[in-house]
2 protein chains.
Amino acid sequence: MLEPSSVGIIAAKTAHFSQPLRLKSGEILPQFDLVYETYGTLNANKSNAVLICHALSGSHHVAGKYSTDDKYSGWWDNLVGPNKPLDTNKFFVIGVNNLGGCHGSSGPTSINPETVKAFGSKFPVLTVEDWVNSQTLLADYLGITQLAAIVGGSLGGMQALQWTIAYPERVRHALVIASAPNLTAQNIAFNEVARQAIITDPEFHDGDYYEYGVVPRRGLRIARMLGHITYLSDDAMGAKFGRKLKDSIKYTFDVEFEMESYLRYQGDKFAGEFDANTYLRMTRALDYFDPALRYDADLSKALANVKAKFLVVSFTSDWRFSPARSREIVKALLDNELSVSYAEVTAAHGHDAFLMPDAHYHNILRNYLSSIEVGAIK
Amino acid sequence: MLEPSSVGIIAAKTAHFSQPLRLKSGEILPQFDLVYETYGTLNANKSNAVLICHALSGSHHVAGKYSTDDKYSGWWDNLVGPNKPLDTNKFFVIGVNNLGGCHGSSGPTSINPETVKAFGSKFPVLTVEDWVNSQTLLADYLGITQLAAIVGGSLGGMQALQWTIAYPERVRHALVIASAPNLTAQNIAFNEVARQAIITDPEFHDGDYYEYGVVPRRGLRIARMLGHITYLSDDAMGAKFGRKLKDSIKYTFDVEFEMESYLRYQGDKFAGEFDANTYLRMTRALDYFDPALRYDADLSKALANVKAKFLVVSFTSDWRFSPARSREIVKALLDNELSVSYAEVTAAHGHDAFLMPDAHYHNILRNYLSSIEVGAIK
C-alpha cells in the first residue's frame, strides 16, 4: 500500500564513471559506479535539485518503495514526498549510495575486474571529501551545475558541510542535521571498538572473507549493538525499555531484560544485511573528517570560502553529536558572516531523532525548504 | 620502594567456609573460599573494622604491595594507609575478593572437587545480595559483629547499600561512592554488548574454555575497551587524547589516533589478566541489583529498615553512574529520616574519578571517616 504522500514505486539507477577518481589517500579508483534514485522532476533550468547524503548505514533508497508489496519504504520517507517537508512537487531529490557502500555503488563487495573477485580488503579507505568529489560527478552526469540544497544528518551532514567548503559555487543551501565538524575522542573510541570487534572476528580474514564463503557476523553484530546504544539517549532507552524483564529472572546470560532482546535483534538483523568492510570504511570516514585540521583547528578559517546558506539542526538528547557540536558549526559560519538558521530541537530520541517525524522538527525543515527559491539559478 | 604512608608489605589470606551458602538464584555453594587482606589492627572491642567492597574488576588487594620490588600497589592505595583518608592507624581495614572472582576467592576458575576440573560454566550466577551474605560470614570468621563502616565505589557502593538493607545492625556507616540504586537501561545495554562480545567469541566454548586450553581473549578485550569508554568522560578523553594522531594519517584500520592506541592497550592488558567468566558474572550482578524491585520501585520503602549513617559521593562528569542516581539514594535515605551527607564533586575524570586522589574528594572522605567513633560498639 502506498500513501498519497509517497513518491511511489521507485527504481534505482546506476551511473557508471569511467574516468579515474583520485582519492585523498592517494589511491586511484580507475572507474566506479554510483547507484542512485531520484524523486520529483528536474525543472527546465535545473535549479531545483536537492541531494540527500546518507549516514553510516544508509543508502540511496531515501523514499518510496520498490514494489506495491514492499514492506519497507526508503529510510527518510517521512521527509521526502509530495507535500512532505522536502516536497517532491517542488524539488528534484537525489539519493545516492556512497562509494564503498554495500547497496550497489562500487565498494568492497564489487567485483574487481582485474582479479574477477570481490575487492574486499583491496577496496580503498574513503573520506568525506572523496564522497563529495564523486557526488559532484553524479551531479555533472545529471546535468546539474548547482544544487538548490544538500541535506544530510549525522555523517550526511558532514558531506553537506564539505560540499559547501569544496564546491562553494555548486550549492545554494546546506541542511546540516545532528552533525558535527569532527568526531570527539569518545566518538572515535566507539568507532574503534566497533572496528576491532569486526577485525578480530576470526571470520574477517583480513577483509577477504568473501573468498571463504563466510562473513564476520559476530563482529558486525557487536558493532551494531554498540551503535544502537549511541543512537538512543539514556532517557529514551529508559522510557522504552527501562529495567523491564522479558520474564522472571533466570540467573543466566540469556536475555533477561527487554533491553537485551532489542539489542540482539538489531544486531542480528544488521549482521545479516550489511557488509562489514563497508562498516569499517564508513566509521573511518567519520573519524577522518576534520575540515579545520589544515587551519590549526580553526573551523572559521576552514569555512572562509563557503557561500551557501545554512540550516543547522541539533537535538537536545543527542549525546553522540551533541548540540554543542552543531553550535561550533554555527559559530564558524557566523564568523564568516554567512546566513545561518539554527534550531536546537527538544527531542527524547537521541541521535536517532534526525530520522523521526517529530512535528516541530519537520516544521522547521518544511519552513526552511519552502523558502528556497528554485525559479532560476542565481 | 614503599612510601611512609603505605600499609607496607601485605600477604593475602584465605578463609575457608565449609557451610553451604544458598544463593539468590536458588543454587547452593556447598563450600567456598574467600581471599582477603587486612590493614591496621583490630581493636580490643572489635569496633574499628572497615570493609572495602570492590567493583567490577577489583580485588581484595586494596592497599600495599606484595614485595618490596612489587611495581604496583593495591587498587585503592591512595585512600588506605597510615594518615591517609581511610587511616589504618585508626581503622582495621578489610579487602575481600568477591565470590565468582578470579583473584583467589571461589569462582569459575576454581577446581570443582566433584569433577576435579575448573567450575567454568557450572559456577553459579551471583548477586550483590549473595556477596553481602558471604561477606557477613567473613566478618563472623574475623570475630566482627558490627562494622564501623563499609566503603565501596560503583558496584562496591551497591554492596555497601545492600549491607545496610540486609544487615542493619551490623554496619554503622556506609560510604556509597559513584554508585546507583540500580542500572539504567543504557547501563544494562553496555553490559550486554560486553557479554555478547565474550559469549560469541569462538573460544568461549560455552564458558568451559579452560578445558580447551584457550581463553575468549578477543571478546574480553572488546568488553574492556568498551568499559573504558564508559569509565571516562567525553571531556576527559578530549583533554587526554582529543583527535591526536599517532603519526601521519595512513588510511588504514591500524591505529591512527592516540585514543585507539590507548583502548587497544587497555583491552590487551585486561584480556591477558582477567577471567571472562568472572567478567560475565560481575556484569550480571550489576544488572540484577535493584533493592526497590520488591517495593514497586519505591527505593524509600526498600530502605525502611536501614539504620546506618551515610556518606554518598558522586562526580559531576560521571555519566555511567551520574549524580542524579546518587541523589535518588540520598532522597530515599532522607525519606527515612536517616543521617546522610552528600557530596557532588566537580571532577573531570568521569566514573573513574572515584579511584583518583583528587584533593577535594579525599578531604571529604577524610573528614567523614575521622568523625566515625570507634571507642566502643554502640
# chains A, B, ... in the order shown; residues from 1 in each chain; ligands from 1
call {"tool": "calpha_fit_and_write", "arguments": {"fixed": "chain B", "moving": "chain A", "output": "CSV table (one decimal) with C-alpha atoms, in the first residue's frame"}}
result
chain,number,residue,atom,x,y,z
A,1,MET,CA,60.1,1.3,47.3
A,2,LEU,CA,57.4,1.9,49.9
A,3,GLU,CA,56.3,5.4,50.8
A,4,PRO,CA,55.8,6.2,54.5
A,5,SER,CA,52.0,6.2,54.2
A,6,SER,CA,51.9,2.8,52.7
A,7,VAL,CA,50.4,-0.1,54.6
A,8,GLY,CA,53.6,-1.9,53.7
A,9,ILE,CA,54.2,-5.4,52.5
A,10,ILE,CA,51.0,-7.4,52.6
A,11,ALA,CA,50.1,-11.0,52.3
A,12,ALA,CA,46.6,-12.2,51.2
A,13,LYS,CA,44.9,-14.7,53.4
A,14,THR,CA,42.2,-17.3,52.6
A,15,ALA,CA,39.2,-18.1,54.7
A,16,HIS,CA,37.5,-21.4,54.0
A,17,PHE,CA,33.8,-21.8,54.7
A,18,SER,CA,32.5,-25.3,54.8
A,19,GLN,CA,28.9,-24.4,55.5
A,20,PRO,CA,26.7,-24.3,52.4
A,21,LEU,CA,25.7,-20.8,51.0
A,22,ARG,CA,22.3,-20.6,49.5
A,23,LEU,CA,22.4,-18.1,46.6
A,24,LYS,CA,19.6,-15.9,45.4
A,25,SER,CA,19.3,-18.0,42.2
A,26,GLY,CA,18.4,-21.0,44.4
A,27,GLU,CA,21.7,-22.7,43.7
A,28,ILE,CA,23.8,-23.7,46.7
A,29,LEU,CA,27.6,-23.4,47.1
A,30,PRO,CA,28.4,-26.4,49.3
A,31,GLN,CA,31.6,-24.7,50.4
A,32,PHE,CA,33.8,-21.8,49.3
A,33,ASP,CA,36.9,-19.8,49.9
A,34,LEU,CA,37.2,-16.0,50.3
A,35,VAL,CA,40.6,-14.5,49.9
A,36,TYR,CA,41.1,-11.2,51.8
A,37,GLU,CA,43.7,-8.8,53.1
A,38,THR,CA,43.7,-6.6,56.2
A,39,TYR,CA,45.5,-3.4,57.0
A,40,GLY,CA,45.8,-1.9,60.5
A,41,THR,CA,44.9,-3.5,63.8
A,42,LEU,CA,41.5,-4.7,65.0
A,43,ASN,CA,41.0,-3.0,68.4
A,44,ALA,CA,40.1,-4.8,71.6
A,45,ASN,CA,36.3,-4.4,71.3
A,46,LYS,CA,36.4,-5.0,67.5
A,47,SER,CA,34.7,-1.8,66.7
A,48,ASN,CA,37.1,-0.3,64.2
A,49,ALA,CA,36.6,-2.6,61.2
A,50,VAL,CA,36.0,-1.2,57.8
A,51,LEU,CA,35.1,-3.4,54.8
A,52,ILE,CA,36.1,-2.3,51.3
A,53,CYS,CA,33.8,-3.7,48.6
A,54,HIS,CA,35.3,-3.9,45.1
A,55,ALA,CA,33.8,-3.0,41.8
A,56,LEU,CA,33.8,-5.0,38.5
A,57,SER,CA,37.4,-5.7,38.0
A,58,GLY,CA,38.8,-5.1,41.6
A,59,SER,CA,40.0,-7.5,44.1
A,60,HIS,CA,40.9,-7.9,47.8
A,61,HIS,CA,44.3,-6.3,47.1
A,62,VAL,CA,43.2,-2.8,48.1
A,63,ALA,CA,46.5,-1.3,49.5
A,64,GLY,CA,50.2,-2.1,49.9
A,65,LYS,CA,52.5,-4.3,47.9
A,66,TYR,CA,53.3,-8.0,47.9
A,67,SER,CA,57.1,-7.4,47.9
A,68,THR,CA,59.5,-4.5,48.0
A,69,ASP,CA,60.0,-4.8,44.3
A,70,ASP,CA,56.3,-5.1,43.5
A,71,LYS,CA,55.7,-2.5,40.8
A,72,TYR,CA,52.0,-2.0,41.7
A,73,SER,CA,50.2,-1.1,44.9
A,74,GLY,CA,46.7,-2.2,45.7
A,75,TRP,CA,43.9,-0.6,43.7
A,76,TRP,CA,42.8,1.9,46.3
A,77,ASP,CA,46.3,2.5,47.9
A,78,ASN,CA,45.8,6.3,47.6
A,79,LEU,CA,42.9,6.1,50.0
A,80,VAL,CA,44.0,3.4,52.6
A,81,GLY,CA,47.1,3.7,54.8
A,82,PRO,CA,48.6,5.4,57.8
A,83,ASN,CA,47.4,9.0,57.9
A,84,LYS,CA,45.6,8.6,54.6
A,85,PRO,CA,41.9,9.4,54.3
A,86,LEU,CA,41.0,5.9,55.4
A,87,ASP,CA,43.6,5.9,58.2
A,88,THR,CA,44.9,2.5,59.1
A,89,ASN,CA,46.3,3.9,62.4
A,90,LYS,CA,42.6,4.2,63.4
A,91,PHE,CA,40.8,1.6,61.4
A,92,PHE,CA,41.2,-2.1,60.7
A,93,VAL,CA,40.5,-2.3,57.0
A,94,ILE,CA,39.5,-5.4,55.2
A,95,GLY,CA,39.6,-6.1,51.5
A,96,VAL,CA,37.9,-9.1,50.1
A,97,ASN,CA,37.7,-10.7,46.6
A,98,ASN,CA,34.1,-11.4,45.8
A,99,LEU,CA,32.7,-14.8,45.1
A,100,GLY,CA,32.9,-15.6,41.4
A,101,GLY,CA,36.1,-13.6,41.2
A,102,CYS,CA,39.3,-14.5,39.6
A,103,HIS,CA,41.8,-13.4,42.3
A,104,GLY,CA,41.6,-16.3,44.8
A,105,SER,CA,38.0,-16.5,46.1
A,106,SER,CA,35.9,-19.4,44.8
A,107,GLY,CA,34.9,-18.7,41.2
A,108,PRO,CA,34.7,-20.1,37.7
A,109,THR,CA,38.5,-20.8,37.6
A,110,SER,CA,38.4,-22.8,40.9
A,111,ILE,CA,38.6,-26.5,40.8
A,112,ASN,CA,35.3,-28.2,41.4
A,113,PRO,CA,36.1,-31.1,43.8
A,114,GLU,CA,33.4,-33.2,42.3
A,115,THR,CA,34.9,-33.2,38.8
A,116,VAL,CA,38.5,-32.1,39.6
A,117,LYS,CA,38.1,-29.6,36.7
A,118,ALA,CA,37.5,-25.9,36.8
A,119,PHE,CA,33.9,-24.9,37.5
A,120,GLY,CA,33.7,-22.8,34.3
A,121,SER,CA,30.1,-22.5,33.2
A,122,LYS,CA,28.9,-24.5,36.2
A,123,PHE,CA,29.9,-21.8,38.6
A,124,PRO,CA,26.6,-20.1,39.6
A,125,VAL,CA,25.5,-16.6,38.7
A,126,LEU,CA,25.8,-14.3,41.7
A,127,THR,CA,24.1,-11.3,43.0
A,128,VAL,CA,25.1,-8.3,45.2
A,129,GLU,CA,22.9,-9.9,47.9
A,130,ASP,CA,25.0,-13.2,47.7
A,131,TRP,CA,28.2,-11.2,48.0
A,132,VAL,CA,27.0,-9.4,51.1
A,133,ASN,CA,25.8,-12.6,52.7
A,134,SER,CA,29.2,-14.2,52.1
A,135,GLN,CA,30.9,-11.0,53.4
A,136,THR,CA,29.0,-11.3,56.7
A,137,LEU,CA,30.4,-14.8,57.1
A,138,LEU,CA,33.9,-13.4,56.6
A,139,ALA,CA,33.1,-10.8,59.3
A,140,ASP,CA,32.0,-13.6,61.6
A,141,TYR,CA,35.2,-15.5,60.8
A,142,LEU,CA,37.2,-12.4,61.9
A,143,GLY,CA,35.0,-12.1,65.0
A,144,ILE,CA,33.5,-8.8,63.9
A,145,THR,CA,29.9,-8.3,64.9
A,146,GLN,CA,29.5,-4.8,63.6
A,147,LEU,CA,31.5,-2.9,61.0
A,148,ALA,CA,32.4,0.7,61.7
A,149,ALA,CA,31.9,1.3,58.0
A,150,ILE,CA,31.6,-0.2,54.6
A,151,VAL,CA,33.1,1.6,51.8
A,152,GLY,CA,32.5,1.0,48.1
A,153,GLY,CA,32.6,2.7,44.7
A,154,SER,CA,30.4,1.8,41.8
A,155,LEU,CA,29.4,-1.9,42.2
A,156,GLY,CA,31.1,-1.7,45.6
A,157,GLY,CA,28.7,1.1,46.6
A,158,MET,CA,25.8,-1.2,45.8
A,159,GLN,CA,27.3,-3.8,48.2
A,160,ALA,CA,27.6,-1.1,50.9
A,161,LEU,CA,24.0,-0.1,50.4
A,162,GLN,CA,22.9,-3.8,50.4
A,163,TRP,CA,24.7,-4.3,53.7
A,164,THR,CA,22.6,-1.6,55.3
A,165,ILE,CA,19.4,-3.1,54.0
A,166,ALA,CA,20.0,-6.7,54.8
A,167,TYR,CA,22.1,-6.3,58.0
A,168,PRO,CA,21.0,-3.0,59.5
A,169,GLU,CA,22.5,-3.9,63.0
A,170,ARG,CA,25.9,-4.9,61.5
A,171,VAL,CA,27.0,-1.6,59.9
A,172,ARG,CA,27.3,1.8,61.5
A,173,HIS,CA,28.3,3.8,58.4
A,174,ALA,CA,28.1,3.3,54.7
A,175,LEU,CA,30.2,5.2,52.2
A,176,VAL,CA,28.4,4.8,48.8
A,177,ILE,CA,30.6,6.4,46.1
A,178,ALA,CA,29.9,6.9,42.4
A,179,SER,CA,27.1,4.3,42.7
A,180,ALA,CA,23.4,3.9,41.8
A,181,PRO,CA,20.3,2.2,43.3
A,182,ASN,CA,20.1,0.1,40.1
A,183,LEU,CA,21.4,0.2,36.5
A,184,THR,CA,19.6,2.2,33.8
A,185,ALA,CA,18.6,0.6,30.5
A,186,GLN,CA,21.7,2.2,29.0
A,187,ASN,CA,23.9,0.7,31.7
A,188,ILE,CA,22.4,-2.8,31.1
A,189,ALA,CA,22.9,-2.3,27.3
A,190,PHE,CA,26.6,-1.6,27.7
A,191,ASN,CA,26.9,-4.7,29.9
A,192,GLU,CA,25.0,-6.8,27.3
A,193,VAL,CA,27.3,-5.8,24.5
A,194,ALA,CA,30.3,-6.7,26.6
A,195,ARG,CA,28.8,-10.0,27.5
A,196,GLN,CA,27.8,-10.8,23.9
A,197,ALA,CA,31.4,-10.0,22.7
A,198,ILE,CA,32.7,-12.6,25.2
A,199,ILE,CA,30.0,-15.2,24.7
A,200,THR,CA,30.1,-15.1,20.9
A,201,ASP,CA,33.9,-15.4,20.9
A,202,PRO,CA,34.5,-18.9,19.3
A,203,GLU,CA,37.0,-19.5,22.1
A,204,PHE,CA,34.4,-19.1,24.8
A,205,HIS,CA,33.1,-22.7,24.4
A,206,ASP,CA,30.0,-22.0,26.5
A,207,GLY,CA,32.2,-20.9,29.4
A,208,ASP,CA,34.2,-24.1,29.6
A,209,TYR,CA,37.2,-22.7,27.6
A,210,TYR,CA,39.7,-23.9,30.3
A,211,GLU,CA,39.2,-27.4,29.1
A,212,TYR,CA,40.3,-26.3,25.6
A,213,GLY,CA,43.4,-24.5,26.8
A,214,VAL,CA,42.2,-21.2,25.4
A,215,VAL,CA,40.5,-18.1,26.6
A,216,PRO,CA,38.0,-15.8,24.9
A,217,ARG,CA,40.6,-13.1,24.7
A,218,ARG,CA,39.1,-11.3,21.7
A,219,GLY,CA,35.7,-10.9,23.4
A,220,LEU,CA,37.2,-9.9,26.8
A,221,ARG,CA,39.4,-7.3,25.0
A,222,ILE,CA,36.3,-5.7,23.3
A,223,ALA,CA,34.4,-5.8,26.6
A,224,ARG,CA,37.2,-3.9,28.4
A,225,MET,CA,37.7,-1.4,25.6
A,226,LEU,CA,34.0,-0.6,25.8
A,227,GLY,CA,34.2,-0.4,29.6
A,228,HIS,CA,37.0,2.2,29.4
A,229,ILE,CA,34.8,4.4,27.3
A,230,THR,CA,32.2,4.4,30.0
A,231,TYR,CA,34.6,4.9,32.8
A,232,LEU,CA,36.0,8.2,31.3
A,233,SER,CA,34.1,11.3,30.4
A,234,ASP,CA,33.9,12.7,26.9
A,235,ASP,CA,35.7,15.8,28.2
A,236,ALA,CA,38.4,13.7,30.0
A,237,MET,CA,39.0,11.8,26.8
A,238,GLY,CA,39.1,15.0,24.9
A,239,ALA,CA,41.6,16.5,27.3
A,240,LYS,CA,43.8,13.4,27.4
A,241,PHE,CA,43.7,12.3,23.7
A,242,GLY,CA,41.5,14.6,21.7
A,243,ARG,CA,42.0,13.9,18.0
A,244,LYS,CA,45.8,13.5,18.5
A,245,LEU,CA,47.3,11.3,15.8
A,246,LYS,CA,50.0,8.7,16.5
A,247,ASP,CA,51.7,9.6,13.3
A,248,SER,CA,50.6,10.9,9.9
A,249,ILE,CA,47.4,9.5,8.6
A,250,LYS,CA,47.9,6.2,6.9
A,251,TYR,CA,44.3,5.5,5.7
A,252,THR,CA,44.2,2.1,7.3
A,253,PHE,CA,42.4,0.4,10.1
A,254,ASP,CA,45.6,0.2,12.2
A,255,VAL,CA,46.0,2.7,15.0
A,256,GLU,CA,45.7,6.3,13.6
A,257,PHE,CA,44.6,8.1,16.7
A,258,GLU,CA,46.2,8.0,20.2
A,259,MET,CA,42.7,7.2,21.6
A,260,GLU,CA,42.8,3.9,19.7
A,261,SER,CA,46.2,3.1,21.0
A,262,TYR,CA,45.1,3.6,24.5
A,263,LEU,CA,42.0,1.5,24.2
A,264,ARG,CA,43.8,-1.4,22.5
A,265,TYR,CA,46.5,-1.3,25.2
A,266,GLN,CA,43.9,-1.4,28.0
A,267,GLY,CA,42.0,-4.1,26.2
A,268,ASP,CA,45.0,-6.3,25.6
A,269,LYS,CA,46.3,-5.9,29.2
A,270,PHE,CA,43.0,-6.8,30.7
A,271,ALA,CA,42.4,-9.7,28.4
A,272,GLY,CA,45.7,-11.2,29.5
A,273,GLU,CA,44.9,-10.9,33.2
A,274,PHE,CA,41.2,-11.3,33.9
A,275,ASP,CA,38.8,-14.2,33.6
A,276,ALA,CA,36.0,-13.9,31.2
A,277,ASN,CA,33.5,-16.0,33.3
A,278,THR,CA,34.1,-13.6,36.2
A,279,TYR,CA,33.5,-10.6,33.9
A,280,LEU,CA,30.2,-12.1,32.9
A,281,ARG,CA,29.2,-12.7,36.5
A,282,MET,CA,30.2,-9.2,37.7
A,283,THR,CA,28.2,-7.5,35.0
A,284,ARG,CA,25.2,-9.7,35.7
A,285,ALA,CA,25.3,-8.8,39.4
A,286,LEU,CA,25.3,-5.2,38.4
A,287,ASP,CA,22.3,-5.7,36.1
A,288,TYR,CA,20.3,-7.6,38.8
A,289,PHE,CA,20.8,-5.2,41.7
A,290,ASP,CA,17.6,-3.4,42.4
A,291,PRO,CA,16.6,-3.3,46.0
A,292,ALA,CA,13.4,-1.3,45.1
A,293,LEU,CA,12.1,-4.1,42.8
A,294,ARG,CA,10.2,-5.8,45.6
A,295,TYR,CA,8.7,-2.5,46.7
A,296,ASP,CA,7.0,-1.3,43.5
A,297,ALA,CA,10.2,0.5,42.5
A,298,ASP,CA,10.0,2.6,45.7
A,299,LEU,CA,13.5,2.9,47.0
A,300,SER,CA,12.4,4.7,50.1
A,301,LYS,CA,10.4,1.7,51.1
A,302,ALA,CA,13.3,-0.6,50.3
A,303,LEU,CA,15.4,1.4,52.8
A,304,ALA,CA,12.8,1.4,55.6
A,305,ASN,CA,14.9,-0.8,57.9
A,306,VAL,CA,18.2,0.8,57.3
A,307,LYS,CA,20.0,2.2,60.4
A,308,ALA,CA,23.4,3.2,59.2
A,309,LYS,CA,24.6,6.7,58.6
A,310,PHE,CA,25.6,7.5,55.1
A,311,LEU,CA,28.1,9.5,53.1
A,312,VAL,CA,27.1,9.5,49.4
A,313,VAL,CA,29.5,10.9,46.9
A,314,SER,CA,29.1,11.5,43.1
A,315,PHE,CA,31.1,13.1,40.4
A,316,THR,CA,29.9,15.7,38.0
A,317,SER,CA,31.4,14.1,34.9
A,318,ASP,CA,30.3,10.5,35.7
A,319,TRP,CA,27.8,9.6,33.0
A,320,ARG,CA,27.9,5.9,33.9
A,321,PHE,CA,26.5,6.5,37.4
A,322,SER,CA,25.5,10.1,37.2
A,323,PRO,CA,25.0,12.4,40.2
A,324,ALA,CA,21.2,12.1,39.6
A,325,ARG,CA,21.5,8.4,40.5
A,326,SER,CA,23.3,9.2,43.8
A,327,ARG,CA,20.6,11.8,44.6
A,328,GLU,CA,18.0,9.0,44.3
A,329,ILE,CA,19.7,7.2,47.1
A,330,VAL,CA,20.0,10.4,49.2
A,331,LYS,CA,16.3,11.2,48.7
A,332,ALA,CA,15.3,7.7,49.8
A,333,LEU,CA,17.6,7.9,52.9
A,334,LEU,CA,16.1,11.3,53.8
A,335,ASP,CA,12.6,10.0,53.3
A,336,ASN,CA,13.5,7.6,56.1
A,337,GLU,CA,15.0,10.4,58.2
A,338,LEU,CA,18.4,8.8,58.1
A,339,SER,CA,21.6,10.7,58.6
A,340,VAL,CA,23.2,11.3,55.2
A,341,SER,CA,25.9,13.6,54.0
A,342,TYR,CA,26.1,14.1,50.2
A,343,ALA,CA,28.9,15.5,48.1
A,344,GLU,CA,28.7,16.1,44.4
A,345,VAL,CA,32.4,16.5,43.5
A,346,THR,CA,33.4,18.6,40.5
A,347,ALA,CA,35.7,16.2,38.7
A,348,ALA,CA,36.7,15.7,35.1
A,349,HIS,CA,37.5,12.0,35.2
A,350,GLY,CA,34.1,10.5,34.8
A,351,HIS,CA,33.3,7.3,36.6
A,352,ASP,CA,37.0,6.7,37.2
A,353,ALA,CA,37.1,9.8,39.5
A,354,PHE,CA,36.2,7.6,42.5
A,355,LEU,CA,39.7,6.0,42.2
A,356,MET,CA,41.6,9.2,41.8
A,357,PRO,CA,43.4,11.1,44.6
A,358,ASP,CA,41.5,14.3,44.0
A,359,ALA,CA,42.2,16.6,47.0
A,360,HIS,CA,38.6,17.8,47.4
A,361,TYR,CA,37.2,14.3,47.2
A,362,HIS,CA,39.8,12.8,49.5
A,363,ASN,CA,39.2,15.6,52.0
A,364,ILE,CA,35.5,14.8,52.0
A,365,LEU,CA,36.3,11.1,52.8
A,366,ARG,CA,38.9,12.0,55.4
A,367,ASN,CA,36.6,14.4,57.2
A,368,TYR,CA,33.7,11.9,57.2
A,369,LEU,CA,35.9,9.0,58.3
A,370,SER,CA,37.6,11.0,61.0
A,371,SER,CA,34.2,11.7,62.5
A,372,ILE,CA,33.5,8.0,63.0
A,373,GLU,CA,33.8,6.9,66.6
A,374,VAL,CA,35.5,3.6,67.2
A,375,GLY,CA,35.7,3.7,71.0
A,376,ALA,CA,33.1,1.1,71.6
A,377,ILE,CA,30.3,-0.7,69.8
A,378,LYS,CA,27.2,1.3,70.3
call {"tool": "select_by_dssp", "arguments": {"residues": "stretch 165-287 of chain A", "states": "strand (DSSP E)", "output": "ChimeraX atom specification"}}
result
/A:171-177
call {"tool": "write_last_selection", "arguments": {"atoms": "N, CA, C and O atoms", "output": "short mmCIF file (atom, residue, chain, number, x, y, z; two decimals), in the first residue's frame"}}
result
data_model
loop_
_atom_site.label_atom_id
_atom_site.label_comp_id
_atom_site.auth_asym_id
_atom_site.auth_seq_id
_atom_site.Cartn_x
_atom_site.Cartn_y
_atom_site.Cartn_z
N VAL A 171 26.47 24.84 -4.54
CA VAL A 171 25.41 24.54 -3.58
C VAL A 171 24.88 25.84 -2.96
O VAL A 171 25.65 26.66 -2.48
N ARG A 172 23.55 26.01 -3.04
CA ARG A 172 22.95 27.25 -2.53
C ARG A 172 22.58 27.14 -1.04
O ARG A 172 22.68 28.11 -0.32
N HIS A 173 22.15 25.94 -0.63
CA HIS A 173 21.73 25.76 0.77
C HIS A 173 22.27 24.43 1.29
O HIS A 173 22.25 23.43 0.57
N ALA A 174 22.69 24.44 2.54
CA ALA A 174 23.11 23.20 3.19
C ALA A 174 22.28 23.01 4.46
O ALA A 174 22.17 23.93 5.28
N LEU A 175 21.67 21.83 4.58
CA LEU A 175 20.92 21.49 5.80
C LEU A 175 21.74 20.45 6.55
O LEU A 175 21.82 19.29 6.13
N VAL A 176 22.36 20.89 7.61
CA VAL A 176 23.31 20.06 8.37
C VAL A 176 22.63 19.68 9.69
O VAL A 176 22.44 20.53 10.56
N ILE A 177 22.26 18.41 9.80
CA ILE A 177 21.36 17.98 10.88
C ILE A 177 22.06 16.95 11.77
O ILE A 177 22.65 15.99 11.27
#
call {"tool": "select_by_dssp", "arguments": {"residues": "stretch 185-315 of chain B", "states": "alpha helix (DSSP H)", "output": "ChimeraX atom specification"}}
result
/B:185-199,217-231,234-240,258-271,276-288,299-302
call {"tool": "decode", "arguments": {"residues": "stretch 310-319 of chain A", "atoms": "N, CA, C and O atoms", "output": "PDB file, in the first residue's frame"}}
result
ATOM      1  N   PHE A 310      22.744  28.273   5.362  1.00  0.00           N
ATOM      2  CA  PHE A 310      22.665  27.059   6.189  1.00  0.00           C
ATOM      3  C   PHE A 310      21.427  27.012   7.063  1.00  0.00           C
ATOM      4  O   PHE A 310      20.998  28.025   7.608  1.00  0.00           O
ATOM      5  N   LEU A 311      20.928  25.782   7.193  1.00  0.00           N
ATOM      6  CA  LEU A 311      20.078  25.444   8.323  1.00  0.00           C
ATOM      7  C   LEU A 311      20.823  24.375   9.115  1.00  0.00           C
ATOM      8  O   LEU A 311      21.159  23.311   8.568  1.00  0.00           O
ATOM      9  N   VAL A 312      21.111  24.651  10.367  1.00  0.00           N
ATOM     10  CA  VAL A 312      21.768  23.686  11.250  1.00  0.00           C
ATOM     11  C   VAL A 312      20.750  23.272  12.311  1.00  0.00           C
ATOM     12  O   VAL A 312      20.091  24.133  12.901  1.00  0.00           O
ATOM     13  N   VAL A 313      20.590  21.969  12.484  1.00  0.00           N
ATOM     14  CA  VAL A 313      19.616  21.458  13.456  1.00  0.00           C
ATOM     15  C   VAL A 313      20.310  20.458  14.387  1.00  0.00           C
ATOM     16  O   VAL A 313      21.072  19.601  13.921  1.00  0.00           O
ATOM     17  N   SER A 314      20.049  20.594  15.669  1.00  0.00           N
ATOM     18  CA  SER A 314      20.541  19.603  16.632  1.00  0.00           C
ATOM     19  C   SER A 314      19.395  19.184  17.546  1.00  0.00           C
ATOM     20  O   SER A 314      18.336  19.810  17.539  1.00  0.00           O
ATOM     21  N   PHE A 315      19.637  18.141  18.315  1.00  0.00           N
ATOM     22  CA  PHE A 315      18.590  17.595  19.185  1.00  0.00           C
ATOM     23  C   PHE A 315      19.119  17.512  20.619  1.00  0.00           C
ATOM     24  O   PHE A 315      20.235  17.025  20.855  1.00  0.00           O
ATOM     25  N   THR A 316      18.301  17.957  21.551  1.00  0.00           N
ATOM     26  CA  THR A 316      18.763  18.118  22.940  1.00  0.00           C
ATOM     27  C   THR A 316      19.321  16.827  23.537  1.00  0.00           C
ATOM     28  O   THR A 316      20.268  16.870  24.310  1.00  0.00           O
ATOM     29  N   SER A 317      18.749  15.687  23.197  1.00  0.00           N
ATOM     30  CA  SER A 317      19.162  14.434  23.832  1.00  0.00           C
ATOM     31  C   SER A 317      20.209  13.661  23.027  1.00  0.00           C
ATOM     32  O   SER A 317      20.539  12.529  23.350  1.00  0.00           O
ATOM     33  N   ASP A 318      20.733  14.286  21.978  1.00  0.00           N
ATOM     34  CA  ASP A 318      21.744  13.631  21.135  1.00  0.00           C
ATOM     35  C   ASP A 318      23.106  13.759  21.808  1.00  0.00           C
ATOM     36  O   ASP A 318      23.704  14.831  21.814  1.00  0.00           O
ATOM     37  N   TRP A 319      23.593  12.665  22.385  1.00  0.00           N
ATOM     38  CA  TRP A 319      24.892  12.744  23.070  1.00  0.00           C
ATOM     39  C   TRP A 319      26.007  12.260  22.165  1.00  0.00           C
ATOM     40  O   TRP A 319      27.187  12.401  22.486  1.00  0.00           O
TER      41      TRP A 319
END
